[in-house]
Each structure stands twice: as structure tokens, then as C-alpha cells.
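Okay, final-v2.cif is below, mmCIF, C-alpha atoms:
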data_final
#
loop_
_atom_site.label_atom_id
_atom_site.label_comp_id
_atom_site.auth_asym_id
_atom_site.auth_seq_id
_atom_site.Cartn_x
_atom_site.Cartn_y
_atom_site.Cartn_z
CA MET P 89 24.63 11.24 -54.89
CA THR P 90 21.01 12.39 -54.96
CA GLY P 91 19.05 14.57 -52.56
CA ARG P 92 20.22 17.78 -50.89
CA LEU P 93 23.92 17.92 -50.03
CA MET P 94 25.22 20.24 -47.31
CA LEU P 95 28.94 21.03 -47.28
CA LEU P 96 30.51 22.63 -44.21
CA ASP P 97 33.60 24.81 -44.50
CA THR P 98 34.49 23.45 -41.09
CA ALA P 99 37.42 25.67 -40.09
CA SER P 100 35.53 28.80 -41.14
CA LEU P 101 32.63 27.73 -38.94
CA TYR P 102 34.57 26.71 -35.84
CA PHE P 103 36.49 30.01 -36.01
CA ARG P 104 33.11 31.77 -36.04
CA ALA P 105 31.90 29.62 -33.15
CA TYR P 106 35.08 30.33 -31.19
CA PHE P 107 34.64 34.09 -31.46
CA GLY P 108 30.86 33.95 -31.11
CA VAL P 109 30.59 31.82 -27.96
CA PRO P 110 32.18 33.03 -24.68
CA ASP P 111 35.34 31.22 -23.60
CA SER P 112 33.67 30.80 -20.21
CA VAL P 113 32.07 27.69 -21.77
CA LYS P 114 34.47 25.08 -20.43
CA ALA P 115 34.98 21.37 -19.90
CA PRO P 116 34.96 19.95 -16.35
CA ASP P 117 38.76 20.34 -16.20
CA GLY P 118 38.50 24.05 -17.12
CA THR P 119 39.55 23.72 -20.77
CA PRO P 120 37.56 26.07 -23.04
CA VAL P 121 35.20 24.18 -25.36
CA ASN P 122 33.35 27.18 -26.79
CA ALA P 123 34.32 26.32 -30.39
CA VAL P 124 33.31 22.68 -29.95
CA ARG P 125 29.92 23.42 -28.44
CA GLY P 126 29.30 26.38 -30.73
CA LEU P 127 29.94 24.26 -33.81
CA LEU P 128 27.67 21.47 -32.57
CA ASP P 129 24.89 24.00 -31.92
CA PHE P 130 25.39 25.44 -35.40
CA ILE P 131 25.23 22.03 -37.08
CA ASP P 132 22.09 21.24 -35.10
CA ARG P 133 20.42 24.41 -36.33
CA LEU P 134 21.52 23.83 -39.92
CA VAL P 135 20.10 20.31 -39.97
CA LYS P 136 16.84 21.45 -38.34
CA ASP P 137 16.35 24.37 -40.72
CA HIS P 138 17.52 22.87 -44.00
CA ARG P 139 17.11 19.08 -43.64
CA PRO P 140 19.96 17.91 -45.86
CA ASP P 141 20.07 14.30 -47.05
CA HIS P 142 23.87 14.34 -47.08
CA LEU P 143 26.31 16.23 -44.85
CA VAL P 144 30.08 16.57 -45.18
CA ALA P 145 32.45 18.44 -42.86
CA CYS P 146 35.16 19.60 -45.28
CA MET P 147 38.60 20.11 -43.76
CA ASP P 148 41.81 21.97 -44.57
CA ALA P 149 44.34 19.15 -44.94
CA ASP P 150 46.61 21.90 -46.26
CA TRP P 151 45.39 25.44 -45.61
CA ARG P 152 48.20 26.97 -47.77
CA PRO P 153 49.00 24.53 -50.58
CA ALA P 154 52.47 24.78 -52.10
CA TRP P 155 51.05 24.85 -55.63
CA ARG P 156 49.21 28.07 -54.81
CA VAL P 157 52.22 29.58 -53.02
CA ASP P 158 54.46 28.76 -55.99
CA LEU P 159 52.21 30.94 -58.15
CA ILE P 160 51.68 33.78 -55.63
CA PRO P 161 54.33 33.60 -52.85
CA GLY P 162 52.39 36.01 -50.64
CA TYR P 163 49.34 33.74 -50.56
CA LYS P 164 48.20 33.66 -46.90
CA ALA P 165 51.80 34.41 -45.86
CA HIS P 166 50.73 36.77 -43.09
CA ARG P 167 48.87 33.92 -41.39
CA VAL P 168 51.86 31.58 -41.11
CA ALA P 169 52.80 30.87 -37.49
CA GLU P 170 55.60 28.41 -38.27
CA GLU P 171 57.14 27.22 -41.53
CA HIS P 172 57.67 23.50 -42.15
CA PRO P 173 59.82 22.57 -45.18
CA ASP P 174 58.45 19.02 -45.46
CA ALA P 175 54.86 19.55 -44.29
CA PRO P 176 52.11 22.17 -44.45
CA ASP P 177 53.02 25.40 -42.65
CA ALA P 178 51.38 25.91 -39.28
CA GLU P 179 48.57 28.47 -39.34
CA GLU P 180 48.28 31.13 -36.68
CA VAL P 181 45.42 29.94 -34.45
CA PRO P 182 44.37 31.35 -31.05
CA ASP P 183 45.98 29.44 -28.16
CA THR P 184 42.66 28.30 -26.72
CA LEU P 185 41.23 27.26 -30.09
CA ALA P 186 44.04 24.97 -31.27
CA PRO P 187 43.41 22.28 -28.60
CA GLN P 188 39.70 22.23 -29.50
CA VAL P 189 40.26 21.25 -33.14
CA PRO P 190 41.16 17.59 -32.42
CA VAL P 191 38.13 17.38 -30.13
CA ILE P 192 35.90 18.68 -32.91
CA GLU P 193 37.30 16.06 -35.27
CA GLN P 194 36.81 13.24 -32.75
CA VAL P 195 33.23 14.27 -32.02
CA LEU P 196 32.29 14.54 -35.71
CA ASP P 197 33.78 11.08 -36.33
CA ALA P 198 31.96 9.51 -33.38
CA VAL P 199 28.65 11.11 -34.41
CA GLY P 200 29.14 9.74 -37.92
CA ILE P 201 29.28 12.99 -39.88
CA ALA P 202 31.52 12.48 -42.91
CA ARG P 203 34.76 14.44 -42.48
CA VAL P 204 36.90 14.91 -45.58
CA GLY P 205 40.26 16.56 -46.07
CA VAL P 206 42.67 15.75 -48.90
CA ALA P 207 46.45 16.20 -48.72
CA GLY P 208 47.62 19.19 -50.75
CA TYR P 209 44.21 20.86 -50.86
CA GLU P 210 42.14 23.34 -48.88
CA ALA P 211 38.60 22.72 -47.70
CA ASP P 212 37.44 25.08 -50.48
CA ASP P 213 38.81 22.63 -53.05
CA VAL P 214 37.09 19.68 -51.38
CA ILE P 215 33.86 21.69 -51.42
CA GLY P 216 34.38 22.58 -55.08
CA THR P 217 34.85 18.94 -56.05
CA PHE P 218 31.86 17.65 -54.08
CA THR P 219 29.81 20.42 -55.69
CA ALA P 220 31.00 19.52 -59.18
CA ARG P 221 30.01 15.89 -58.63
CA ALA P 222 26.67 16.51 -56.93
CA GLY P 223 23.56 15.27 -58.65
CA GLY P 224 21.15 17.40 -56.61
CA PRO P 225 20.99 20.77 -54.86
CA VAL P 226 23.92 21.88 -52.70
CA ASP P 227 24.07 24.15 -49.66
CA ILE P 228 27.60 25.40 -48.91
CA VAL P 229 27.94 26.76 -45.38
CA THR P 230 30.89 29.12 -45.05
CA GLY P 231 32.02 32.48 -43.78
CA ASP P 232 34.40 32.74 -46.74
CA ARG P 233 33.12 34.78 -49.68
CA ASP P 234 35.55 33.00 -52.03
CA LEU P 235 33.01 30.20 -52.33
CA TYR P 236 30.45 32.56 -53.88
CA GLN P 237 32.09 31.53 -57.16
CA LEU P 238 30.25 28.17 -56.89
CA VAL P 239 26.75 29.69 -56.70
CA ASP P 240 24.65 28.41 -59.59
CA ASP P 241 20.86 28.83 -59.64
CA GLY P 242 20.52 26.38 -62.52
CA ARG P 243 22.00 23.58 -60.42
CA GLY P 244 20.49 24.68 -57.10
CA ILE P 245 23.87 25.59 -55.58
CA ARG P 246 23.79 28.34 -52.98
CA VAL P 247 25.97 29.59 -50.14
CA LEU P 248 24.65 29.94 -46.59
CA TYR P 249 26.80 32.78 -45.25
CA PRO P 250 26.77 33.66 -41.53
CA LEU P 251 26.14 37.37 -41.09
CA LYS P 252 26.38 37.57 -37.31
CA GLY P 253 28.12 34.83 -35.39
CA VAL P 254 26.50 31.64 -36.58
CA GLY P 255 22.90 32.55 -35.87
CA THR P 256 21.85 34.60 -38.89
CA LEU P 257 22.46 33.26 -42.38
CA GLN P 258 22.39 35.02 -45.74
CA LEU P 259 21.00 32.60 -48.33
CA THR P 260 23.24 33.60 -51.21
CA ASP P 261 21.97 32.89 -54.72
CA GLU P 262 22.69 34.63 -58.02
CA ALA P 263 20.15 37.39 -57.32
CA VAL P 264 22.00 38.29 -54.11
CA LEU P 265 25.35 38.28 -55.91
CA ARG P 266 24.07 40.51 -58.70
CA GLU P 267 22.57 42.94 -56.19
CA LYS P 268 25.69 43.11 -53.99
CA TYR P 269 28.50 42.70 -56.53
CA GLY P 270 27.04 43.02 -60.00
CA VAL P 271 28.14 39.52 -61.04
CA ASP P 272 26.82 35.98 -60.92
CA GLY P 273 28.62 33.01 -59.39
CA ARG P 274 30.72 32.40 -62.47
CA GLY P 275 31.91 36.01 -62.47
CA TYR P 276 32.72 36.20 -58.77
CA ALA P 277 36.16 34.59 -59.05
CA ASP P 278 37.19 37.13 -61.69
CA LEU P 279 35.85 39.95 -59.52
CA ALA P 280 37.80 38.68 -56.50
CA LEU P 281 40.97 38.28 -58.57
CA LEU P 282 40.81 41.85 -59.88
CA ARG P 283 39.78 43.36 -56.54
CA GLY P 284 42.26 41.40 -54.49
CA ASP P 285 41.81 40.03 -50.99
CA PRO P 286 44.18 41.15 -48.20
CA SER P 287 42.96 38.34 -45.93
CA ASP P 288 44.40 35.82 -48.42
CA GLY P 289 47.41 37.87 -49.46
CA LEU P 290 46.06 38.45 -52.97
CA PRO P 291 47.20 41.87 -54.23
CA GLY P 292 44.62 42.33 -56.97
CA VAL P 293 45.17 44.89 -59.72
CA PRO P 294 46.18 48.24 -58.21
CA GLY P 295 43.51 50.86 -58.71
CA ILE P 296 40.84 48.32 -59.65
CA GLY P 297 38.40 48.09 -56.75
CA GLU P 298 35.24 46.07 -56.45
CA LYS P 299 32.95 48.49 -58.27
CA THR P 300 35.38 49.07 -61.11
CA ALA P 301 35.97 45.33 -61.46
CA ALA P 302 32.20 44.75 -61.69
CA LYS P 303 31.85 47.43 -64.37
CA LEU P 304 34.70 45.95 -66.41
CA LEU P 305 33.19 42.48 -66.19
CA ALA P 306 29.80 43.85 -67.26
CA GLU P 307 31.46 45.57 -70.23
CA PHE P 308 33.81 42.81 -71.38
CA GLY P 309 32.22 39.61 -70.05
CA ASP P 310 35.06 37.95 -68.17
CA LEU P 311 38.74 38.27 -67.27
CA ALA P 312 39.88 37.10 -70.69
CA GLY P 313 37.66 39.71 -72.33
CA ILE P 314 39.07 42.44 -70.10
CA MET P 315 42.67 41.52 -70.88
CA ALA P 316 41.90 41.33 -74.61
CA ALA P 317 40.48 44.86 -74.34
CA VAL P 318 43.82 46.10 -73.02
CA ASP P 319 45.31 45.46 -76.47
CA ASP P 320 42.32 46.88 -78.35
CA PRO P 321 42.63 50.64 -78.76
CA ARG P 322 38.90 50.85 -79.51
CA ALA P 323 37.93 49.27 -76.17
CA LYS P 324 36.31 51.51 -73.58
CA LEU P 325 39.09 51.59 -71.01
CA THR P 326 40.47 54.71 -69.38
CA PRO P 327 44.20 55.29 -69.92
CA SER P 328 44.91 54.51 -66.25
CA GLN P 329 42.87 51.29 -66.36
CA ARG P 330 44.65 50.16 -69.52
CA LYS P 331 48.06 50.92 -67.95
CA ARG P 332 47.31 49.19 -64.65
CA LEU P 333 45.88 46.08 -66.27
CA ALA P 334 48.82 45.87 -68.66
CA GLU P 335 51.28 46.15 -65.78
CA ALA P 336 49.37 43.46 -63.88
CA ARG P 337 49.70 40.84 -66.63
CA PRO P 338 52.13 38.62 -64.66
CA TYR P 339 49.68 38.52 -61.73
CA VAL P 340 46.62 38.02 -63.95
CA ALA P 341 48.36 35.13 -65.71
CA VAL P 342 48.76 33.05 -62.53
CA ALA P 343 46.00 34.31 -60.23
CA PRO P 344 43.07 32.36 -61.74
CA LYS P 345 44.54 29.03 -60.64
CA VAL P 346 45.03 30.43 -57.13
CA VAL P 347 41.63 32.09 -56.79
CA ARG P 348 39.41 29.46 -58.40
CA VAL P 349 38.63 26.44 -56.27
CA ALA P 350 39.67 23.07 -57.64
CA GLY P 351 36.98 20.77 -58.98
CA ASP P 352 39.08 17.66 -59.46
CA VAL P 353 40.33 16.75 -55.99
CA PRO P 354 40.78 12.97 -55.51
CA LEU P 355 38.06 12.52 -52.93
CA PRO P 356 38.01 9.40 -50.74
CA ASP P 357 35.06 7.04 -50.85
CA VAL P 358 32.96 8.10 -47.87
CA ASP P 359 29.39 7.67 -46.71
CA THR P 360 27.96 11.18 -46.86
CA ALA P 361 24.43 10.27 -45.73
CA LEU P 362 23.15 12.27 -42.78
CA PRO P 363 23.67 9.96 -39.79
CA ARG P 364 20.54 8.81 -38.00
CA ALA P 365 22.40 7.30 -35.03
CA PRO P 366 25.93 7.77 -33.64
CA ARG P 367 28.64 5.79 -35.42
CA ASP P 368 30.49 5.12 -32.16
CA PRO P 369 28.19 5.58 -29.16
CA ALA P 370 30.80 4.51 -26.59
CA ALA P 371 33.42 6.95 -27.88
CA LEU P 372 30.81 9.70 -28.06
CA GLU P 373 29.72 9.08 -24.47
CA GLU P 374 33.32 9.36 -23.29
CA LEU P 375 33.89 12.54 -25.30
CA ALA P 376 30.69 14.07 -23.91
CA ARG P 377 31.75 13.24 -20.34
CA ARG P 378 35.36 14.39 -20.67
CA TRP P 379 34.62 17.64 -22.47
CA GLY P 380 31.27 18.52 -20.91
CA LEU P 381 29.42 18.70 -24.22
CA GLY P 382 26.06 18.44 -22.48
CA GLY P 383 23.06 19.99 -24.19
CA SER P 384 24.90 20.90 -27.38
CA LEU P 385 25.57 17.27 -28.24
CA GLU P 386 22.23 16.04 -26.90
CA ARG P 387 20.32 18.51 -29.09
CA LEU P 388 22.25 17.53 -32.21
CA LEU P 389 21.71 13.81 -31.60
CA ALA P 390 18.00 14.39 -31.00
CA THR P 391 17.75 16.31 -34.30
CA LEU P 392 19.62 13.60 -36.22
CA THR P 393 17.40 10.81 -34.91
CA ARG P 394 14.13 12.53 -35.88
#
Would you mind writing the file's structure down as C-alpha cells?
Amino acid sequence: MTGRLMLLDTASLYFRAYFGVPDSVKAPDGTPVNAVRGLLDFIDRLVKDHRPDHLVACMDADWRPAWRVDLIPGYKAHRVAEEHPDAPDAEEVPDTLAPQVPVIEQVLDAVGIARVGVAGYEADDVIGTFTARAGGPVDIVTGDRDLYQLVDDGRGIRVLYPLKGVGTLQLTDEAVLREKYGVDGRGYADLALLRGDPSDGLPGVPGIGEKTAAKLLAEFGDLAGIMAAVDDPRAKLTPSQRKRLAEARPYVAVAPKVVRVAGDVPLPDVDTALPRAPRDPAALEELARRWGLGGSLERLLATLTR
């Protein structure tokens, strides 16, 4: 794959669209379509502003993979709406958003935007694998800071992070990460692991906040260097830091596999090229009529055909 690749963290973006666009935006039958239309408007703006050669809508085939839960049982546990022993657990989703997700998927398919989810993996892992395989620059569009770990100036990999709704983006490169967090992309996963993330159910190391984690990484290089320092009496750790890190060894031993996105997902063979015409015009026309997609879809199609 050559040229600029844009990867969408699709669920992150349609959640943003849902909360950023009034639910008074409805289909002819009165069903809210604010997430659908908001996402289409966002994709239109992204394509206009950044002109990718390839575009992939990455999906959560499993938003809470068992292999991550086996390592940290609390991983995203607070977001489980219903447990399923033989299938992915159901995520807590607003009542008026859940019915819009299949519509989003159908519209993306009819437009011809590649949509990729892989059983047993989150969208983050799909994004990580596409990024690892990319031969050119990559723009990752997400409202999830976890993906900052993929930022790499040398390879032209950056994160476009929505600051307000979906209208204002922070173009996140290594300079932004160093200014905000004191680390580069490679160090961000270690920072997040030490700091913890309540939104994902990651406890972190008690007493080690973001600033302390950044200082430790600056002093010792990476997580392995920090943990080696715990056993080195000459290392510049306070007694409380040494104690807390030592007590957190069981967590630190398993957390890297949970926090770091996978780069070896078995991706399907898909055409990622930015579509220049709808893949299924008849299906798209019916979807537009049924769901009242109006100007949002028309603008996106006009942008794609330019």
C-alpha cells in the first residue's frame, strides 16, 4: 500500500457524532439518525481536508477481547451491559445509538469505504496492524488517546484527535506528545500503563500519576528500565515509589499486552482505495431515502467524486 492511508476508529467517531449532533436529526419515520449523519459529515470533512489515497473504517469485532480480560479481569468491565459466555459481551450503548450502528455499516458498505473488523480484536488492533504494514504516511482518526502510542514522525504516522465534537482536530505528532506528556509515541503506552485509565478499567500503579510516570520514563528510558531500577539500590527512586512499583509487579507483568495495540491481526484482503463512485448505488439510494440522509450523504459523494 502506497500513498496516504487514513484509518478511522469508527466507534469512537460515531459516539462523538452521536453526542455532538442533536437527536432532533431524524429519519422520515422519526428514528434518530444523528450519529449516522454526523459521521458522514465528519468523513466528508476529513477527506476534503486531508485527501487520503486509502481509507479504512476500522471496527470493534470484539470491543473487550477475552485474551485481554484473562490478563486484567477488570478491563472495560464497567461498560458491560450483558455478558455472553460464547460471544463477545454486549457493550453499554445509548438506546437511540444502538439502532444506528447497523445503518452506519450498511451506508459505508454501499458507498464503498473499506470496513474491517476481525474476530477477537478491537478496532485499535486493526488500526495497529494496518499501521505496521503501511508503506506510506498514516493518519489515525480517533478520540481515544490509547492510539497515541502509534505516533511516529519518522514514518509519518500521526493521530487526528477531535478536541470538540468532530469539528476541531488536534494533529498529534511527537512534538505534541512531548509537550503534553513528556514522551514520544513509543513511550506513551508505558506512560498509560503506569498512570492507569479508569475508562478502560486499568488500575495503573497506585501513587504514580501522569507527571511522575513521565519523569520515571525520562530517567530510566522505558518500563523495563523502571522495573530494573526497583531492584537497584543506587537508582534514583523515592522509597514510596520503589515500594509501590514493587507491589505492582503482578500488574506490570501482564499490563503491556493489554495496553499495547496488536500489530499482527490477520487482516482480510480488502480494497482500501478511496472510492470514487458508490459501490452499490441502488442500495445507497434506498438507504438515503429510508433514513433521510439528505445533504450529509450528498456532500460526501460529491467530495469522493472530485
Point to revise | Result set of the PyMOL selection byres ((chain P and resi 366) around 6) on the coordinates above, as a list in words | key: Val199, Gly200, Ala365, Arg367, Asp368 and Pro369 of chain P
Check your understanding: Evaluating the PyMOL selection byres ((chain P and resi 337) around 12) on the displayed file yields which residues, as a ChimeraX atom specification?
Key -> /P:282,292-294,311-312,314-316,318-319,330-336,338-344
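One distance worth recording is that between atom CA of P:Arg348 and atom CA of P:Val239, which is 12.8 Å.
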With a distance cut-off of 7 Å and all atoms listed in the file, select the neighbouring residues of stretch 153-158 of chain P, excluding the residue or stretch itself and same-chain residues fewer than 6 positions from it, and output the selection as an mmCIF file with C-alpha atoms, keeping the file's coordinate frame.
data_model
loop_
_atom_site.group_PDB
_atom_site.id
_atom_site.type_symbol
_atom_site.label_atom_id
_atom_site.label_comp_id
_atom_site.auth_asym_id
_atom_site.auth_seq_id
_atom_site.Cartn_x
_atom_site.Cartn_y
_atom_site.Cartn_z
ATOM 1 C CA GLY P 208 47.620 19.190 -50.750
ATOM 2 C CA TYR P 209 44.210 20.860 -50.860
ATOM 3 C CA VAL P 346 45.030 30.430 -57.130
#
Exercise for review: Figure out the distance between atom CA of P:Gly223 and atom CA of P:Leu196, please, to one decimal in Å.
Suggested key: 24.6 Å
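Our summary of the geometry notes that atom CA of P:Val206 is positioned 7.5 Å from atom CA of P:Val353.
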Check your understanding: Could you pull the residues within 7 Å of P:Thr98, counting all atoms listed in the file, minus those fewer than 2 positions along the same chain, as a list of chain:residue names?
Key -> P:Leu96, P:Ser100, P:Leu101, P:Tyr102, P:Ala145, P:Cys146, P:Met147
**Study point:** Test item: the PyMOL selection byres ((chain P and resi 350) around 7) resolved as a PyMOL selection string
**Key:** chain P and resi 213+216-217+348-349+351-353
Any idea what's packed within 10 Å of P:Pro363, counting all atoms listed in the file, ignoring anything in its chain fewer than 6 positions away? Could you give it as an mmCIF file with C-alpha atoms, in the coordinates of the input?
data_model
loop_
_atom_site.group_PDB
_atom_site.id
_atom_site.type_symbol
_atom_site.label_atom_id
_atom_site.label_comp_id
_atom_site.auth_asym_id
_atom_site.auth_seq_id
_atom_site.Cartn_x
_atom_site.Cartn_y
_atom_site.Cartn_z
ATOM 1 C CA ASP P 141 20.070 14.300 -47.050
ATOM 2 C CA HIS P 142 23.870 14.340 -47.080
ATOM 3 C CA LEU P 143 26.310 16.230 -44.850
ATOM 4 C CA VAL P 199 28.650 11.110 -34.410
ATOM 5 C CA GLY P 200 29.140 9.740 -37.920
ATOM 6 C CA ILE P 201 29.280 12.990 -39.880
ATOM 7 C CA ALA P 202 31.520 12.480 -42.910
ATOM 8 C CA LEU P 389 21.710 13.810 -31.600
ATOM 9 C CA LEU P 392 19.620 13.600 -36.220
ATOM 10 C CA THR P 393 17.400 10.810 -34.910
#
Practice item. Could you tell me which of P:Val181, P:Arg221, P:Arg322, P:Val135 comes closest to P:Arg364 if we count only C-alpha atoms? Key: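 For P:Arg364, the nearest of the given residues is P:Val135.
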Using only C-alpha atoms, which residues sit within 12 Å of stretch 113-123 of chain P once same-chain residues fewer than 5 positions away are excluded, as an mmCIF file with C-alpha atoms, in the coordinates of the input?
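Everything below was put into around_29.cif:
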data_model
loop_
_atom_site.group_PDB
_atom_site.id
_atom_site.type_symbol
_atom_site.label_atom_id
_atom_site.label_comp_id
_atom_site.auth_asym_id
_atom_site.auth_seq_id
_atom_site.Cartn_x
_atom_site.Cartn_y
_atom_site.Cartn_z
ATOM 1 C CA THR P 98 34.490 23.450 -41.090
ATOM 2 C CA ALA P 99 37.420 25.670 -40.090
ATOM 3 C CA SER P 100 35.530 28.800 -41.140
ATOM 4 C CA LEU P 101 32.630 27.730 -38.940
ATOM 5 C CA TYR P 102 34.570 26.710 -35.840
ATOM 6 C CA PHE P 103 36.490 30.010 -36.010
ATOM 7 C CA ARG P 104 33.110 31.770 -36.040
ATOM 8 C CA ALA P 105 31.900 29.620 -33.150
ATOM 9 C CA TYR P 106 35.080 30.330 -31.190
ATOM 10 C CA PHE P 107 34.640 34.090 -31.460
ATOM 11 C CA GLY P 108 30.860 33.950 -31.110
ATOM 12 C CA LEU P 128 27.670 21.470 -32.570
ATOM 13 C CA ASP P 129 24.890 24.000 -31.920
ATOM 14 C CA PHE P 130 25.390 25.440 -35.400
ATOM 15 C CA PRO P 182 44.370 31.350 -31.050
ATOM 16 C CA ASP P 183 45.980 29.440 -28.160
ATOM 17 C CA THR P 184 42.660 28.300 -26.720
ATOM 18 C CA LEU P 185 41.230 27.260 -30.090
ATOM 19 C CA ALA P 186 44.040 24.970 -31.270
ATOM 20 C CA PRO P 187 43.410 22.280 -28.600
ATOM 21 C CA GLN P 188 39.700 22.230 -29.500
ATOM 22 C CA VAL P 189 40.260 21.250 -33.140
ATOM 23 C CA PRO P 190 41.160 17.590 -32.420
ATOM 24 C CA VAL P 191 38.130 17.380 -30.130
ATOM 25 C CA ILE P 192 35.900 18.680 -32.910
ATOM 26 C CA GLU P 193 37.300 16.060 -35.270
ATOM 27 C CA GLY P 253 28.120 34.830 -35.390
ATOM 28 C CA VAL P 254 26.500 31.640 -36.580
ATOM 29 C CA LEU P 375 33.890 12.540 -25.300
ATOM 30 C CA ALA P 376 30.690 14.070 -23.910
ATOM 31 C CA ARG P 377 31.750 13.240 -20.340
ATOM 32 C CA ARG P 378 35.360 14.390 -20.670
ATOM 33 C CA TRP P 379 34.620 17.640 -22.470
ATOM 34 C CA GLY P 380 31.270 18.520 -20.910
ATOM 35 C CA LEU P 381 29.420 18.700 -24.220
ATOM 36 C CA GLY P 382 26.060 18.440 -22.480
ATOM 37 C CA SER P 384 24.900 20.900 -27.380
#
Exercise for review: Within 12 Å of P:Gly242, counting only C-alpha atoms, which residues show up once you throw out same-chain ones fewer than 3 positions away? Write them as an NGL selection string, please.
Suggested key: :P and (224-226 or 238-239 or 245-246 or 261-262 or 272-274)
Study note, to complete from the structure: Using all atoms listed in the file, the residue out of P:Asp234, P:Asp320, P:Glu170, P:Asp310 with shortest distance to P:Val347 is P:Asp234
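The shortest atom-to-atom distance to P:Arg233, with only C-alpha atoms taken into account, belongs to P:Asp97 out of P:Val195, P:Pro176, P:Gly383, P:Asp97.
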Exercise for review: Starting from the point (26.0, 20.8, -48.4), work out which residues of protein, DNA or RNA have an atom no more than 6 Å away when counting all atoms listed in the file; state them as JSON, numbers by chain.
Suggested key: {"P": [93, 94, 95, 143, 226, 227, 228]}
Take every atom of stretch 101-112 of chain P listed in the file, pad by 3 Å on each side, and give me the axis-aligned box centre and edge lengths in Å, one decimal, as lines of an AutoDock Vina configuration file.
center_x = 33.5
center_y = 30.4
center_z = -29.6
size_x = 11.9
size_y = 13.4
size_z = 24.7
Point to revise | Counting all atoms listed in the file, the option among P:Glu267, P:Glu179, P:Glu298, P:Glu171 closest to P:Leu281 | key: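 Closest to P:Leu281, using all atoms listed in the file: P:Glu298.
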Could you rebuild stretch 301-308 of chain P with all heavy atoms and give it back as a PDB file, in the frame of the given file?
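Contents of out.pdb, freshly written:
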ATOM      1  N   ALA P 301      35.865  46.698 -60.948  1.00  0.00           N
ATOM      2  CA  ALA P 301      35.970  45.330 -61.460  1.00  0.00           C
ATOM      3  C   ALA P 301      34.621  44.851 -61.985  1.00  0.00           C
ATOM      4  O   ALA P 301      34.536  44.242 -63.059  1.00  0.00           O
ATOM      5  CB  ALA P 301      36.475  44.393 -60.355  1.00  0.00           C
ATOM      6  N   ALA P 302      33.545  45.154 -61.252  1.00  0.00           N
ATOM      7  CA  ALA P 302      32.200  44.750 -61.690  1.00  0.00           C
ATOM      8  C   ALA P 302      31.827  45.433 -63.005  1.00  0.00           C
ATOM      9  O   ALA P 302      31.245  44.805 -63.902  1.00  0.00           O
ATOM     10  CB  ALA P 302      31.179  45.065 -60.602  1.00  0.00           C
ATOM     11  N   LYS P 303      32.162  46.711 -63.138  1.00  0.00           N
ATOM     12  CA  LYS P 303      31.850  47.430 -64.370  1.00  0.00           C
ATOM     13  C   LYS P 303      32.631  46.857 -65.552  1.00  0.00           C
ATOM     14  O   LYS P 303      32.094  46.710 -66.660  1.00  0.00           O
ATOM     15  CB  LYS P 303      32.179  48.921 -64.203  1.00  0.00           C
ATOM     16  CG  LYS P 303      31.209  49.666 -63.290  1.00  0.00           C
ATOM     17  CD  LYS P 303      31.607  51.124 -63.127  1.00  0.00           C
ATOM     18  CE  LYS P 303      30.661  51.860 -62.183  1.00  0.00           C
ATOM     19  NZ  LYS P 303      31.083  53.268 -61.966  1.00  0.00           N
ATOM     20  N   LEU P 304      33.889  46.524 -65.335  1.00  0.00           N
ATOM     21  CA  LEU P 304      34.700  45.950 -66.410  1.00  0.00           C
ATOM     22  C   LEU P 304      34.165  44.583 -66.826  1.00  0.00           C
ATOM     23  O   LEU P 304      34.127  44.262 -68.020  1.00  0.00           O
ATOM     24  CB  LEU P 304      36.160  45.828 -65.943  1.00  0.00           C
ATOM     25  CG  LEU P 304      36.924  47.143 -65.750  1.00  0.00           C
ATOM     26  CD1 LEU P 304      38.293  46.880 -65.147  1.00  0.00           C
ATOM     27  CD2 LEU P 304      37.064  47.894 -67.074  1.00  0.00           C
ATOM     28  N   LEU P 305      33.742  43.791 -65.860  1.00  0.00           N
ATOM     29  CA  LEU P 305      33.190  42.480 -66.190  1.00  0.00           C
ATOM     30  C   LEU P 305      31.861  42.619 -66.931  1.00  0.00           C
ATOM     31  O   LEU P 305      31.569  41.848 -67.848  1.00  0.00           O
ATOM     32  CB  LEU P 305      33.015  41.650 -64.908  1.00  0.00           C
ATOM     33  CG  LEU P 305      34.325  41.165 -64.286  1.00  0.00           C
ATOM     34  CD1 LEU P 305      34.093  40.644 -62.873  1.00  0.00           C
ATOM     35  CD2 LEU P 305      34.962  40.074 -65.149  1.00  0.00           C
ATOM     36  N   ALA P 306      31.062  43.610 -66.551  1.00  0.00           N
ATOM     37  CA  ALA P 306      29.800  43.850 -67.260  1.00  0.00           C
ATOM     38  C   ALA P 306      30.067  44.285 -68.701  1.00  0.00           C
ATOM     39  O   ALA P 306      29.338  43.913 -69.631  1.00  0.00           O
ATOM     40  CB  ALA P 306      28.973  44.902 -66.532  1.00  0.00           C
ATOM     41  N   GLU P 307      31.130  45.045 -68.898  1.00  0.00           N
ATOM     42  CA  GLU P 307      31.460  45.570 -70.230  1.00  0.00           C
ATOM     43  C   GLU P 307      32.105  44.520 -71.127  1.00  0.00           C
ATOM     44  O   GLU P 307      31.766  44.401 -72.310  1.00  0.00           O
ATOM     45  CB  GLU P 307      32.414  46.768 -70.082  1.00  0.00           C
ATOM     46  CG  GLU P 307      32.902  47.368 -71.397  1.00  0.00           C
ATOM     47  CD  GLU P 307      31.828  48.143 -72.135  1.00  0.00           C
ATOM     48  OE1 GLU P 307      30.874  48.628 -71.479  1.00  0.00           O
ATOM     49  OE2 GLU P 307      31.929  48.257 -73.378  1.00  0.00           O
ATOM     50  N   PHE P 308      32.999  43.705 -70.541  1.00  0.00           N
ATOM     51  CA  PHE P 308      33.810  42.810 -71.380  1.00  0.00           C
ATOM     52  C   PHE P 308      33.564  41.325 -71.131  1.00  0.00           C
ATOM     53  O   PHE P 308      34.194  40.490 -71.761  1.00  0.00           O
ATOM     54  CB  PHE P 308      35.303  43.139 -71.179  1.00  0.00           C
ATOM     55  CG  PHE P 308      35.657  44.555 -71.521  1.00  0.00           C
ATOM     56  CD1 PHE P 308      35.983  45.469 -70.528  1.00  0.00           C
ATOM     57  CD2 PHE P 308      35.625  45.001 -72.843  1.00  0.00           C
ATOM     58  CE1 PHE P 308      36.299  46.784 -70.837  1.00  0.00           C
ATOM     59  CE2 PHE P 308      35.936  46.306 -73.169  1.00  0.00           C
ATOM     60  CZ  PHE P 308      36.271  47.212 -72.170  1.00  0.00           C
TER      61      PHE P 308
END
